[in-house]
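A.B. asks: Got a structure for you, questions after.
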Amino acid sequence: MQRPTELWRTRLDGMAVVATAHWHRLEDGRVQCDVCPRNCRLHEGQRGFCFVRQREGDEIVLTTYGRSSGFCVDPIEKKPLNHFLPGTPVLSFGTAGCNLGCRFCQNWDISKSREIDTLGASASPEQLAVAAERMGCRSIAFTYNDPVIFMEYAMDIADACRARGIKAVAVSAGYMNPAPREEFYRHIDAANIDLKAFSEQFYQKITFAKLDKVLDTLSYLRGTDVWFEVTTLLIPGHNDGDDKLRRQCDWLMEHLGPDVPLHFSAFHPDFKMRDVPPTPPATLSRARRIALDAGLRFVYTGNVHDPGGQTTTCPGCGAAAVVRDWYDLVSYAITDDGRCESCGHAIPGVYDGPAGAWGRRRLPVTIA
C-alpha cells in the first residue's frame, strides 16, 4: 500500500486530502468506511459520522491531513500517563471531529466541530517532528479529539518522530475495528484509553457507541508492546455506582491484570449535560478505594487537587515512589530503569533515565 503522504493532494476548496486503505465497495453502490465499528456507508460526497472521512469518487479520503486545531506543550501526566517518561513534556495537538457522540464531551468545541475554521493551524509530519525535537519533547500526543479518525496523519507523524527518537502517544476512546487497529498501534508507543463506563446502556445512550468494541481494544493492547493506561470520567448518577465500578475493576483485573494504571477523573458540566452537577471529590475517593480493594495497584484521581490520590505507591514495600501535586512531581524515588529506590521492586511503565522537570506548564506553540 502506498503511504498516504505519497497521495496527498489539495482539492479546489483548499482542503488537503489523502487516500485511505480501510474501506470497501458495497453492491448497492455505496462505499463503506471500515476504520471504526460505525461502518459508515457513504454515497458520493457524503462524510462519515466523524466528519473528516469522506467518499470522493470510489474511495474514502481523509479530508484534514496536515491540519490541526492547535499545538501545545503539556506535561505527559496531563494525558493522563503517570507511568510513561514521568515529568517530561509532550507536544500535543488534535484536529476536528470524532467517531463518538458523547453528550458530556469536555472538548466538544473541537471534537464536535463541523467548521473548517477550527483547523486554523497546519504542519507536515516532518515539521512536527522537528518542532518536538527543538522544544525538548520526549513524545508527541494525538489528543483533544480521537486520533482514530485521522489515523493516516497520526501514523506518518509517529514515523517521522520515531526517526528522531521521539515517542508517539494516542489518547483515544478505543473505538476501532481490528485491522486498522493493528496497523495504527504498530506506530504507537503509549496510549490512554478512555473507558467511558462499564455499561452497554450508557455507551448506547450517552456516547452512541458500543462497550464491547472498546473492551476488545483494551484486550488487544494487553498483547502488544504499547504501554497503556485507562481513564474513566465519573459522571454523577450515570456511571459512578458502586456495582458498576466493581464490575469494571473486576474486568480490568481479569483481562488486563493488576498493573494497568486506572485514572478516575472528575466531570464538570459541559456540552449537552450541563444539568448534571460536578463530581464530588468523595466520589473519586470512593471509586479509588473500590479499585484498590479489587486488586488494582495503581489507581489515581484526576481533575481535582488530591495529592494522595495522585501518588504512586510501590507494591513491594509500600513507599511513596512518586508524589504528585497536580502535574508537579513533588518527590520522585524511582531509579532510571524503573525500580523503587527503597526496595528495588520494578514499577511497571516506561522509564528512560531520571524524571523530567517540566512540571504543570502548558505552553501553546505555533509550528512554522
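So you can find residues: chains in the C-alpha cells are A, B, ... in the order shown, residues in each start at 1, and ligands are numbered from 1 in order.
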Excluding stretch 182-185 of chain A and residues on its chain fewer than 5 positions from it, collect all residues at most 10 Å away from it, counting only C-alpha atoms, and give them as a PyMOL selection string.
C.D. replies: chain A and resi 147-148+151-152+154-155+158+168-170+176-177+190-191+217+220-221+224-226
A.B. asks: Hey, what does DSSP flag as strand (DSSP E or B) within stretch 142-245 of chain A? Can you give it to me as an MDAnalysis selection string?
C.D. replies: chainID A and resid 142 167:172 190:194 227:234
A.B. asks: Between A:Glu133, A:Asp270, A:Asp250, A:Asp259, which residue has the minimum interatomic distance to A:Ala291, considering only C-alpha atoms?
C.D. replies: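 Smallest distance to A:Ala291 is found for A:Asp250.
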A.B. asks: What does the distance between atom CA of A:Ala333 and atom CA of A:Ala321 come to in Å, to one decimal place?
C.D. replies: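 Separating atom CA of A:Ala333 from atom CA of A:Ala321 is a distance of 4.8 Å.
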A.B. asks: From the set A:Ile334, A:Cys249, A:Leu26, A:Met273, which residue has the shortest atom-to-atom contact distance to A:Arg41, counting only C-alpha atoms?
C.D. replies: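 For A:Arg41, the nearest of the given residues is A:Leu26.
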A.B. asks: Assign secondary structure with DSSP using the backbone only, and return the residues of stretch 39-108 of chain A in helix (DSSP H, G or I) as a VMD selection string.
C.D. replies: chain A and resid 76 to 78 108
A.B. asks: Could you tell me which of A:Asp212, A:Asp74, A:Asp293, A:Asp325 comes closest to A:Ser199 if we count only C-alpha atoms?
C.D. replies: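 Nearest candidate to A:Ser199 out of A:Asp212, A:Asp74, A:Asp293, A:Asp325: A:Asp212.
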A.B. asks: Using only C-alpha atoms, which of A:Leu128, A:Ile140, A:Val260, A:Ile206 sits nearest A:Phe228?
C.D. replies: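 Closest residue, counting only C-alpha atoms: A:Val260.
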A.B. asks: Go ahead and compute the interatomic distance for atom CA of A:Ser342 and atom CA of A:Ser265, in Å to one decimal.
C.D. replies: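 Value for the atom CA of A:Ser342-atom CA of A:Ser265 distance: 29.4 Å.
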